[in-house]
file target-v3.txt (compact mmCIF, C-alpha atoms)
# COMPACT_ATOMS: atom_id res chain seq x y z
CA MET A 7 101.72 105.90 115.60
CA SER A 8 98.24 105.06 114.23
CA HIS A 9 98.17 108.20 112.06
CA SER A 10 101.59 107.36 110.62
CA ALA A 11 100.50 103.79 109.82
CA GLU A 12 97.31 104.99 108.13
CA LYS A 13 99.33 107.46 106.07
CA CYS A 14 101.67 104.67 104.90
CA LEU A 15 98.70 102.47 104.00
CA LYS A 16 97.22 105.32 101.94
CA MET A 17 100.51 106.02 100.17
CA CYS A 18 100.91 102.34 99.25
CA GLY A 19 97.31 101.86 98.14
CA LEU A 20 96.56 99.39 100.93
CA GLU A 21 93.63 101.13 102.65
CA ALA A 22 91.23 98.35 101.66
CA TYR A 23 93.59 95.73 103.13
CA GLY A 24 94.44 97.46 106.41
CA ASP A 25 92.84 94.74 108.57
CA ALA A 26 93.80 91.76 106.39
CA ILE A 27 96.30 89.04 107.28
CA VAL A 28 99.50 89.51 105.30
CA GLY A 29 99.60 85.84 104.26
CA SER A 30 96.19 86.15 102.62
CA LEU A 31 97.32 88.95 100.28
CA GLY A 32 98.52 88.51 96.72
CA VAL A 33 102.17 88.80 95.78
CA GLU A 34 101.82 92.40 94.58
CA HIS A 35 100.11 93.55 97.77
CA GLN A 36 102.65 91.68 99.88
CA LYS A 37 105.37 93.67 98.09
CA ARG A 38 103.45 96.86 98.79
CA THR A 39 103.14 95.84 102.44
CA THR A 40 106.91 95.36 102.64
CA ILE A 41 107.47 98.83 101.17
CA ALA A 42 104.90 100.29 103.58
CA ALA A 43 106.74 98.72 106.52
CA GLU A 44 109.96 100.35 105.33
CA LEU A 45 108.22 103.71 105.00
CA ALA A 46 106.71 103.37 108.47
CA ALA A 47 110.27 103.18 109.85
CA LYS A 48 110.76 106.71 108.46
CA PRO A 49 114.13 106.27 106.72
CA LYS A 50 116.20 109.45 107.03
CA LEU A 51 118.39 108.98 103.96
CA LEU A 52 116.94 106.50 101.49
CA LEU A 53 114.61 103.57 101.02
CA PHE A 54 116.48 100.38 100.07
CA LEU A 55 114.63 97.63 98.20
CA ASP A 56 116.10 94.33 97.01
CA GLU A 57 114.53 93.26 93.70
CA PRO A 58 111.00 94.63 94.33
CA THR A 59 109.68 93.15 91.06
CA SER A 60 110.83 89.55 91.56
CA GLY A 61 108.00 87.02 91.38
CA LEU A 62 105.55 89.49 89.82
CA ASP A 63 103.87 89.44 86.43
CA SER A 64 104.44 92.34 84.04
CA GLN A 65 101.35 94.29 85.14
CA SER A 66 102.10 93.95 88.86
CA ALA A 67 105.76 94.82 88.29
CA TRP A 68 104.77 97.97 86.42
CA SER A 69 102.33 98.88 89.20
CA ILE A 70 105.08 98.57 91.82
CA MET A 71 107.57 100.59 89.77
CA ALA A 72 104.98 103.30 89.05
CA PHE A 73 104.36 103.53 92.78
CA LEU A 74 108.10 103.83 93.49
CA ARG A 75 108.33 106.49 90.78
CA THR A 76 105.61 108.44 92.60
CA LEU A 77 107.53 108.21 95.88
CA ALA A 78 110.70 109.43 94.17
CA ASP A 79 108.87 112.34 92.55
CA ASN A 80 107.69 113.37 96.02
CA GLY A 81 111.24 113.56 97.37
CA GLN A 82 111.91 110.05 98.70
CA ALA A 83 115.36 108.78 97.72
CA ILE A 84 115.14 105.13 96.65
CA LEU A 85 117.96 102.65 96.07
CA CYS A 86 116.97 99.28 94.69
CA THR A 87 118.39 96.33 92.81
CA ILE A 88 116.49 94.87 89.88
CA HIS A 89 116.85 91.66 87.90
CA GLN A 90 116.27 91.54 84.12
CA PRO A 91 113.95 94.55 83.79
CA SER A 92 111.89 95.19 80.70
CA SER A 93 112.58 98.30 78.67
CA GLU A 94 109.52 100.02 80.22
CA LEU A 95 110.68 99.32 83.77
CA PHE A 96 114.26 100.27 82.93
CA GLN A 97 113.18 103.77 81.86
CA VAL A 98 111.61 104.45 85.28
CA PHE A 99 115.06 104.77 86.91
CA ASP A 100 117.03 108.02 87.03
CA ARG A 101 120.55 106.73 87.66
CA MET A 102 122.19 103.33 87.44
CA LEU A 103 125.21 101.64 88.97
CA LEU A 104 126.29 98.72 86.77
CA LEU A 105 128.74 96.24 88.25
CA ARG A 106 130.40 93.34 86.52
CA LYS A 107 131.57 90.09 88.10
CA GLY A 108 133.84 90.86 91.04
CA GLY A 109 131.96 94.03 92.01
CA GLN A 110 133.90 96.26 89.60
CA THR A 111 132.15 99.37 88.33
CA VAL A 112 131.32 99.41 84.63
CA TYR A 113 128.99 102.42 84.54
CA PHE A 114 127.54 104.85 87.04
CA GLY A 115 125.48 107.81 85.99
CA ASP A 116 122.24 109.09 84.54
CA LEU A 117 120.27 106.88 82.18
CA GLY A 118 118.70 109.69 80.20
CA THR A 119 115.53 109.60 78.13
CA ASN A 120 115.03 106.06 76.79
CA ALA A 121 118.44 105.23 78.34
CA THR A 122 120.19 107.29 75.65
CA SER A 123 122.94 108.54 78.00
CA MET A 124 123.94 105.02 78.95
CA ILE A 125 123.71 103.72 75.39
CA ASN A 126 125.79 106.63 74.05
CA TYR A 127 128.47 105.92 76.65
CA PHE A 128 128.94 102.32 75.53
CA GLU A 129 128.73 103.11 71.82
CA ARG A 130 131.21 105.96 72.22
CA ASN A 131 133.70 103.58 73.85
CA GLY A 132 133.62 100.89 71.16
CA SER A 133 130.54 98.74 71.71
CA ARG A 134 128.18 97.62 68.98
CA ALA A 135 125.19 99.79 68.15
CA CYS A 136 122.00 99.28 70.11
CA GLN A 137 119.10 98.34 67.86
CA PRO A 138 115.99 100.58 67.98
CA ASP A 139 113.77 97.73 69.22
CA GLU A 140 116.36 96.28 71.64
CA ASN A 141 115.95 96.33 75.40
CA PRO A 142 118.66 98.67 76.79
CA ALA A 143 119.09 96.42 79.83
CA GLU A 144 119.80 93.39 77.65
CA PHE A 145 122.04 95.51 75.42
CA MET A 146 124.32 96.61 78.25
CA LEU A 147 124.59 93.08 79.68
CA ASP A 148 125.45 91.66 76.29
CA VAL A 149 128.06 94.38 75.67
CA ILE A 150 129.96 93.82 78.93
CA GLY A 151 129.76 90.03 78.60
CA ALA A 152 127.47 89.45 81.56
CA GLY A 153 125.02 87.14 79.81
CA ALA A 154 125.00 83.36 80.02
CA THR A 155 126.87 82.98 76.72
CA ALA A 156 128.02 86.58 76.14
CA THR A 157 131.68 87.52 76.01
CA SER A 158 133.51 90.82 75.70
CA SER A 159 136.95 91.57 74.30
CA GLN A 160 137.11 94.92 76.11
CA ASP A 161 137.87 95.62 79.74
CA TRP A 162 134.95 97.87 80.56
CA HIS A 163 136.16 98.45 84.11
CA ASN A 164 139.39 100.06 82.87
CA ILE A 165 137.43 102.00 80.26
CA TRP A 166 135.24 103.38 83.05
CA LEU A 167 138.22 104.38 85.20
CA LYS A 168 139.68 106.37 82.30
CA SER A 169 136.39 107.93 81.18
CA ASP A 170 135.32 111.54 81.61
CA GLU A 171 132.19 110.34 83.43
CA ALA A 172 134.28 108.71 86.15
CA LYS A 173 136.38 111.86 86.57
CA ARG A 174 133.29 114.06 86.89
CA LEU A 175 131.82 111.62 89.40
CA GLN A 176 135.00 111.73 91.48
CA VAL A 177 134.82 115.54 91.52
CA GLU A 178 131.23 115.33 92.79
CA VAL A 179 132.26 112.89 95.54
CA ASP A 180 135.14 115.17 96.58
CA ASP A 181 132.77 118.17 96.71
CA ILE A 182 130.37 116.21 98.92
CA HIS A 183 133.22 115.29 101.28
CA THR A 184 134.41 118.90 101.40
CA GLU A 185 130.92 120.17 102.14
CA GLY A 186 130.51 117.60 104.89
CA ARG A 187 133.80 118.57 106.55
CA ASN A 188 132.80 122.24 106.57
CA ARG A 189 129.59 121.55 108.45
CA PRO A 190 129.58 121.57 112.25
CA PRO A 191 129.74 118.15 113.91
CA VAL A 192 126.43 116.52 114.66
CA ALA A 193 125.59 116.42 118.34
CA ALA A 194 125.55 112.94 119.80
CA THR A 195 122.14 111.63 120.78
CA LEU A 196 121.32 108.92 123.27
CA LYS A 197 119.92 105.95 121.45
CA HIS A 198 118.36 102.81 122.89
CA GLU A 199 118.52 99.37 121.39
CA PHE A 200 114.73 99.25 121.14
CA ALA A 201 112.26 102.02 120.34
CA THR A 202 109.85 101.08 123.16
CA SER A 203 110.05 99.61 126.63
CA TRP A 204 110.06 95.87 127.32
CA PHE A 205 106.56 95.95 128.88
CA GLN A 206 105.08 97.75 125.87
CA GLN A 207 106.66 95.22 123.52
CA VAL A 208 105.20 92.33 125.53
CA ASN A 209 101.79 94.02 125.57
CA LEU A 210 101.74 94.59 121.83
CA LEU A 211 103.01 91.09 121.02
CA LEU A 212 100.41 89.46 123.29
CA GLN A 213 97.66 91.56 121.74
CA ARG A 214 98.80 90.63 118.25
CA ASN A 215 99.01 86.94 119.18
CA PHE A 216 95.51 86.92 120.68
CA GLU A 217 94.12 88.66 117.61
CA ALA A 218 95.74 86.02 115.40
CA TYR A 219 94.07 83.28 117.44
CA TRP A 220 90.73 85.11 117.37
CA ARG A 221 90.89 85.32 113.56
CA ASP A 222 91.40 81.56 113.30
CA PRO A 223 88.61 79.85 115.32
CA THR A 224 89.18 76.54 113.54
CA TYR A 225 92.64 76.30 115.08
CA LEU A 226 91.25 77.05 118.55
CA MET A 227 88.48 74.47 118.27
CA ALA A 228 90.89 71.82 117.00
CA LYS A 229 93.24 72.46 119.92
CA LEU A 230 90.36 72.36 122.42
CA VAL A 231 88.91 69.10 121.08
CA LEU A 232 92.37 67.52 120.87
CA ASN A 233 93.14 68.33 124.51
CA ILE A 234 89.77 67.11 125.76
CA ILE A 235 89.84 63.85 123.82
CA GLY A 236 93.54 63.28 124.55
CA GLY A 237 93.02 63.97 128.26
CA LEU A 238 90.08 61.58 128.50
CA PHE A 239 91.87 58.85 126.56
CA ILE A 240 95.06 58.99 128.62
CA GLY A 241 93.14 59.49 131.87
CA PHE A 242 91.02 56.39 131.38
CA THR A 243 94.02 54.42 130.14
CA PHE A 244 95.90 54.87 133.42
CA TRP A 245 92.88 55.17 135.72
CA ARG A 246 93.33 53.42 139.05
CA SER A 247 96.94 52.58 138.24
CA LYS A 248 98.56 50.65 141.07
CA ASN A 249 101.36 52.09 143.17
CA THR A 250 103.79 49.47 141.97
CA GLN A 251 106.99 50.14 140.06
CA GLN A 252 105.16 49.69 136.77
CA GLY A 253 102.28 51.88 137.91
CA THR A 254 104.64 54.65 138.97
CA GLN A 255 106.37 54.53 135.59
CA ASN A 256 102.98 54.81 133.89
CA LYS A 257 102.13 57.91 135.97
CA LEU A 258 105.47 59.49 135.09
CA PHE A 259 104.75 58.73 131.45
CA VAL A 260 101.47 60.65 131.69
CA CYS A 261 103.25 63.59 133.35
CA THR A 262 105.82 63.61 130.54
CA ILE A 263 103.05 63.74 127.91
CA PHE A 264 101.34 66.76 129.54
CA ARG A 265 104.58 68.60 130.36
call {"tool": "encode", "arguments": {"input": "target-v3.txt", "output": "structure tokens"}}
result
Amino acid sequence: MSHSAEKCLKMCGLEAYGDAIVGSLGVEHQKRTTIAAELAAKPKLLLFLDEPTSGLDSQSAWSIMAFLRTLADNGQAILCTIHQPSSELFQVFDRMLLLRKGGQTVYFGDLGTNATSMINYFERNGSRACQPDENPAEFMLDVIGAGATATSSQDWHNIWLKSDEAKRLQVEVDDIHTEGRNRPPVAATLKHEFATSWFQQVNLLLQRNFEAYWRDPTYLMAKLVLNIIGGLFIGFTFWRSKNTQQGTQNKLFVCTIFR
């Protein structure tokens, strides 16, 4: 377990922050920590990330995408959503699934060098030409009418359904299904709801909680002083309280406070 965690820290460039509190890290390193946690779970099929560049400046966003590109080049399949990428970030991706409002497919396929494959698809089917200095991501959104003020006179979903790219994609999907049916069935394995026993979970959580308290002595001292002063104040307030009805109510009030 420890070796696997250290390996994930090294892959994500977090070796210098291995003993740091997550809340004390910057936004970029928090993103890296989230990715490292996903990698530590050892995903069998793919790594799913929801907008990994949100909230980052351009340099941090590029750093995250370059790191994801390195993971992909080493064989890790990655599926992620991204919001308004720059042209540099857009070119990091291999394939793209573009959906319009309603979840209807508009394009699904390779992007190509400098997104030429995607741009050629739209221009070949009647869109305006993409300018040399234009961001391909903004170009495709403007073409399909997905911008705030953009509109489109063409039904790009129907164009996709009738395109050669969609037909080739359907053939690939059918081949994958055929290959899967020809393979022998996977043997069923006994799986538990949790990866470890209940006692080990309690042990680890207690250890983590105590370490969190140990790292924050100010909180411990404040709690200690508050309890001592509060106990003395309330104790002297109701000291030698009589055993009358009012005195009994006062004692119950003290018990309620310390419950």
call {"tool": "atom_distance", "arguments": {"input": "target-v3.txt", "atom1": "atom CA of A:Leu53", "atom2": "atom CA of A:Ala218"}}
result
29.5 Å
call {"tool": "atom_distance", "arguments": {"input": "target-v3.txt", "atom1": "atom CA of A:Leu103", "atom2": "atom CA of A:Glu34"}}
result
25.8 Å
call {"tool": "residues_around", "arguments": {"input": "target-v3.txt", "residues": "A:Glu171", "least_positions_apart": "3", "cutoff": "10 Å", "atoms": "all atoms listed in the file", "output": "list in words"}}
result
Tyr113, Phe114, Gly115, Tyr127, Trp166, Leu167, Lys168, Arg174, Leu175, Gln176 and Val177 of chain A
call {"tool": "write_last_selection", "arguments": {"input": "target-v3.txt", "atoms": "C-alpha atoms", "output": "mmCIF file, in the frame of the given file"}}
result
data_model
loop_
_atom_site.group_PDB
_atom_site.id
_atom_site.type_symbol
_atom_site.label_atom_id
_atom_site.label_comp_id
_atom_site.auth_asym_id
_atom_site.auth_seq_id
_atom_site.Cartn_x
_atom_site.Cartn_y
_atom_site.Cartn_z
ATOM 1 C CA TYR A 113 128.990 102.420 84.540
ATOM 2 C CA PHE A 114 127.540 104.850 87.040
ATOM 3 C CA GLY A 115 125.480 107.810 85.990
ATOM 4 C CA TYR A 127 128.470 105.920 76.650
ATOM 5 C CA TRP A 166 135.240 103.380 83.050
ATOM 6 C CA LEU A 167 138.220 104.380 85.200
ATOM 7 C CA LYS A 168 139.680 106.370 82.300
ATOM 8 C CA ARG A 174 133.290 114.060 86.890
ATOM 9 C CA LEU A 175 131.820 111.620 89.400
ATOM 10 C CA GLN A 176 135.000 111.730 91.480
ATOM 11 C CA VAL A 177 134.820 115.540 91.520
#
call {"tool": "residues_near_point", "arguments": {"input": "target-v3.txt", "point": "(102.7, 98.8, 92.8)", "cutoff": "8 Å", "atoms": "all atoms listed in the file", "output": "ChimeraX atom specification"}}
result
/A:18,34-35,37-38,66-74
call {"tool": "residues_around", "arguments": {"input": "target-v3.txt", "residues": "stretch 143-150 of chain A", "least_positions_apart": "4", "cutoff": "7 Å", "atoms": "all atoms listed in the file", "output": "NGL selection string"}}
result
:A and (91 or 93 or 96 or 133 or 136 or 156 or 158 or 162)
